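A short worksheet on the structure shown next.
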Amino acid sequence: MDPEAQSIDSKFDDEDYPAYSMGRAAEMLGTTPGFLRSLDKAKLISPLRSEGGHRRYSRYQL
């Protein structure tokens, strides 16, 4: 396996790696992106942000 692919695999094995977009996280949880935004606004869950400012969620947060 090439080193880059191995590095990506290890990131996805890390439960704190922000692997999921807001849309995917909402889909996985059976809720809406608006609900996730409200959790962020209430500071109940603070997702990391991508370089473009998009919310990213880890498995641990979900």
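Starting from 1 in every chain, residues are counted up; chains themselves are A, B, ... following the order of the structure tokens, and ligands are numbered from 1 as listed.
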Original post:
Counting only C-alpha atoms, what is within 10 Å of Ser58 of chain A, bar same-chain residues fewer than 3 positions away, as a VMD selection string?
Top reply: chain A and resid 12 14 to 21 25 47 to 48 61 to 62
Atoms to include: N, CA and C atoms. Write the selected residues as a PDB file, in the first residue's frame.
```pdb
ATOM      1  N   PHE A  12      -9.044   7.945   8.933  1.00  0.00           N
ATOM      2  CA  PHE A  12     -10.425   7.491   9.071  1.00  0.00           C
ATOM      3  C   PHE A  12     -10.590   6.514  10.231  1.00  0.00           C
ATOM      4  N   ASP A  14      -9.182   7.114  13.054  1.00  0.00           N
ATOM      5  CA  ASP A  14      -9.148   8.018  14.211  1.00  0.00           C
ATOM      6  C   ASP A  14     -10.555   8.581  14.436  1.00  0.00           C
ATOM      7  N   GLU A  15     -11.154   8.279  15.585  1.00  0.00           N
ATOM      8  CA  GLU A  15     -12.535   8.740  15.835  1.00  0.00           C
ATOM      9  C   GLU A  15     -12.643  10.246  16.000  1.00  0.00           C
ATOM     10  N   ASP A  16     -11.523  10.959  16.150  1.00  0.00           N
ATOM     11  CA  ASP A  16     -11.546  12.415  16.277  1.00  0.00           C
ATOM     12  C   ASP A  16     -11.280  13.139  14.952  1.00  0.00           C
ATOM     13  N   TYR A  17     -11.003  12.386  13.886  1.00  0.00           N
ATOM     14  CA  TYR A  17     -10.740  12.990  12.582  1.00  0.00           C
ATOM     15  C   TYR A  17     -12.056  13.530  12.006  1.00  0.00           C
ATOM     16  N   PRO A  18     -12.101  14.808  11.606  1.00  0.00           N
ATOM     17  CA  PRO A  18     -13.349  15.406  11.095  1.00  0.00           C
ATOM     18  C   PRO A  18     -13.650  14.968   9.664  1.00  0.00           C
ATOM     19  N   ALA A  19     -14.144  13.766   9.529  1.00  0.00           N
ATOM     20  CA  ALA A  19     -14.315  13.144   8.220  1.00  0.00           C
ATOM     21  C   ALA A  19     -15.647  13.460   7.542  1.00  0.00           C
ATOM     22  N   TYR A  20     -16.629  13.943   8.275  1.00  0.00           N
ATOM     23  CA  TYR A  20     -17.990  14.048   7.731  1.00  0.00           C
ATOM     24  C   TYR A  20     -18.449  15.488   7.572  1.00  0.00           C
ATOM     25  N   SER A  21     -18.987  15.781   6.402  1.00  0.00           N
ATOM     26  CA  SER A  21     -19.585  17.097   6.156  1.00  0.00           C
ATOM     27  C   SER A  21     -20.889  17.201   6.936  1.00  0.00           C
ATOM     28  N   ALA A  25     -23.309  14.090   7.913  1.00  0.00           N
ATOM     29  CA  ALA A  25     -23.570  13.857   9.336  1.00  0.00           C
ATOM     30  C   ALA A  25     -25.071  13.871   9.609  1.00  0.00           C
ATOM     31  N   PRO A  47     -18.181  21.574  15.872  1.00  0.00           N
ATOM     32  CA  PRO A  47     -17.447  20.888  14.808  1.00  0.00           C
ATOM     33  C   PRO A  47     -16.212  21.681  14.403  1.00  0.00           C
ATOM     34  N   LEU A  48     -15.249  20.982  13.848  1.00  0.00           N
ATOM     35  CA  LEU A  48     -14.097  21.663  13.285  1.00  0.00           C
ATOM     36  C   LEU A  48     -14.530  22.309  11.983  1.00  0.00           C
ATOM     37  N   GLN A  61     -17.942  12.946  17.671  1.00  0.00           N
ATOM     38  CA  GLN A  61     -18.991  13.953  17.828  1.00  0.00           C
ATOM     39  C   GLN A  61     -20.359  13.398  17.456  1.00  0.00           C
ATOM     40  N   LEU A  62     -20.390  12.538  16.463  1.00  0.00           N
ATOM     41  CA  LEU A  62     -21.663  11.980  16.033  1.00  0.00           C
ATOM     42  C   LEU A  62     -22.134  10.900  16.959  1.00  0.00           C
TER      43      LEU A  62
END
```
Subject >> Contacts of Met22 of chain A within 7 Å, only C-alpha atoms, excl. fewer than 5 positions in-chain, as number ranges by chain >> reply: A: 33, 55-57
Atoms to include: all heavy atoms. Write the selected residues as a PDB file, in the first residue's frame.
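As written to disk, result_24.pdb reads:
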```
ATOM      1  N   PRO A  33     -29.531  19.449   8.488  1.00  0.00           N
ATOM      2  CA  PRO A  33     -28.381  20.323   8.711  1.00  0.00           C
ATOM      3  C   PRO A  33     -28.713  21.491   9.650  1.00  0.00           C
ATOM      4  O   PRO A  33     -27.890  21.909  10.458  1.00  0.00           O
ATOM      5  CB  PRO A  33     -28.020  20.818   7.312  1.00  0.00           C
ATOM      6  CG  PRO A  33     -28.461  19.702   6.419  1.00  0.00           C
ATOM      7  CD  PRO A  33     -29.748  19.214   7.061  1.00  0.00           C
ATOM      8  N   ARG A  55     -18.445  23.235   8.224  1.00  0.00           N
ATOM      9  CA  ARG A  55     -18.416  22.387   9.422  1.00  0.00           C
ATOM     10  C   ARG A  55     -18.049  20.958   9.043  1.00  0.00           C
ATOM     11  O   ARG A  55     -18.557  20.425   8.074  1.00  0.00           O
ATOM     12  CB  ARG A  55     -19.780  22.402  10.110  1.00  0.00           C
ATOM     13  CG  ARG A  55     -20.140  23.717  10.737  1.00  0.00           C
ATOM     14  CD  ARG A  55     -21.604  23.694  11.185  1.00  0.00           C
ATOM     15  NE  ARG A  55     -22.005  24.925  11.814  1.00  0.00           N
ATOM     16  CZ  ARG A  55     -22.498  25.971  11.164  1.00  0.00           C
ATOM     17  NH1 ARG A  55     -22.671  25.926   9.858  1.00  0.00           N
ATOM     18  NH2 ARG A  55     -22.844  27.056  11.830  1.00  0.00           N
ATOM     19  N   ARG A  56     -17.193  20.338   9.862  1.00  0.00           N
ATOM     20  CA  ARG A  56     -16.771  18.950   9.664  1.00  0.00           C
ATOM     21  C   ARG A  56     -16.901  18.224  10.998  1.00  0.00           C
ATOM     22  O   ARG A  56     -16.468  18.732  12.030  1.00  0.00           O
ATOM     23  CB  ARG A  56     -15.304  18.877   9.183  1.00  0.00           C
ATOM     24  CG  ARG A  56     -15.010  19.610   7.897  1.00  0.00           C
ATOM     25  CD  ARG A  56     -15.641  19.000   6.700  1.00  0.00           C
ATOM     26  NE  ARG A  56     -15.104  17.645   6.493  1.00  0.00           N
ATOM     27  CZ  ARG A  56     -15.399  16.896   5.471  1.00  0.00           C
ATOM     28  NH1 ARG A  56     -16.231  17.318   4.544  1.00  0.00           N
ATOM     29  NH2 ARG A  56     -14.885  15.696   5.355  1.00  0.00           N
ATOM     30  N   TYR A  57     -17.515  17.053  10.989  1.00  0.00           N
ATOM     31  CA  TYR A  57     -17.784  16.298  12.198  1.00  0.00           C
ATOM     32  C   TYR A  57     -16.957  15.019  12.260  1.00  0.00           C
ATOM     33  O   TYR A  57     -16.730  14.385  11.243  1.00  0.00           O
ATOM     34  CB  TYR A  57     -19.276  15.931  12.262  1.00  0.00           C
ATOM     35  CG  TYR A  57     -20.158  17.137  12.375  1.00  0.00           C
ATOM     36  CD1 TYR A  57     -20.600  17.785  11.232  1.00  0.00           C
ATOM     37  CD2 TYR A  57     -20.551  17.628  13.607  1.00  0.00           C
ATOM     38  CE1 TYR A  57     -21.411  18.914  11.321  1.00  0.00           C
ATOM     39  CE2 TYR A  57     -21.350  18.751  13.709  1.00  0.00           C
ATOM     40  CZ  TYR A  57     -21.779  19.384  12.553  1.00  0.00           C
ATOM     41  OH  TYR A  57     -22.565  20.496  12.650  1.00  0.00           O
TER      42      TYR A  57
END
```
**OP:** Would you mind writing down, as a list in words, each residue of chain A that DSSP on the backbone assigns to alpha helix (DSSP H)?
**Re:** Pro3, Glu4, Ala5, Gln6, Ser7, Ile8, Asp9, Ser10, Lys11, Phe12, Asp13, Met22, Gly23, Arg24, Ala25, Ala26, Glu27, Met28, Leu29, Pro33, Gly34, Phe35, Leu36, Arg37, Ser38, Leu39, Asp40 and Lys41 of chain A
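The two atoms in question, atom CA of Leu29 of chain A and atom CA of Arg59 of chain A, are spaced 11.2 Å apart.
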Subject >> All residues 8 Å or closer to Thr32 of chain A, only C-alpha atoms, same chain fewer than 5 positions away omitted, as number ranges by chain >> reply: A: 23, 26-27
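Atom pair atom CA of Thr31 of chain A / atom CA of Leu44 of chain A: separated by 15.7 Å.
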Original post:
Where in chain A does DSSP assign strand (DSSP E or B), given as a PyMOL selection string?
Top reply: chain A and resi 20-21+48-49+55-57
**OP:** Take atom CA of Arg49 of chain A and atom CA of Arg37 of chain A and report the distance between them in Å, one decimal.
**Re:** 12.6 Å
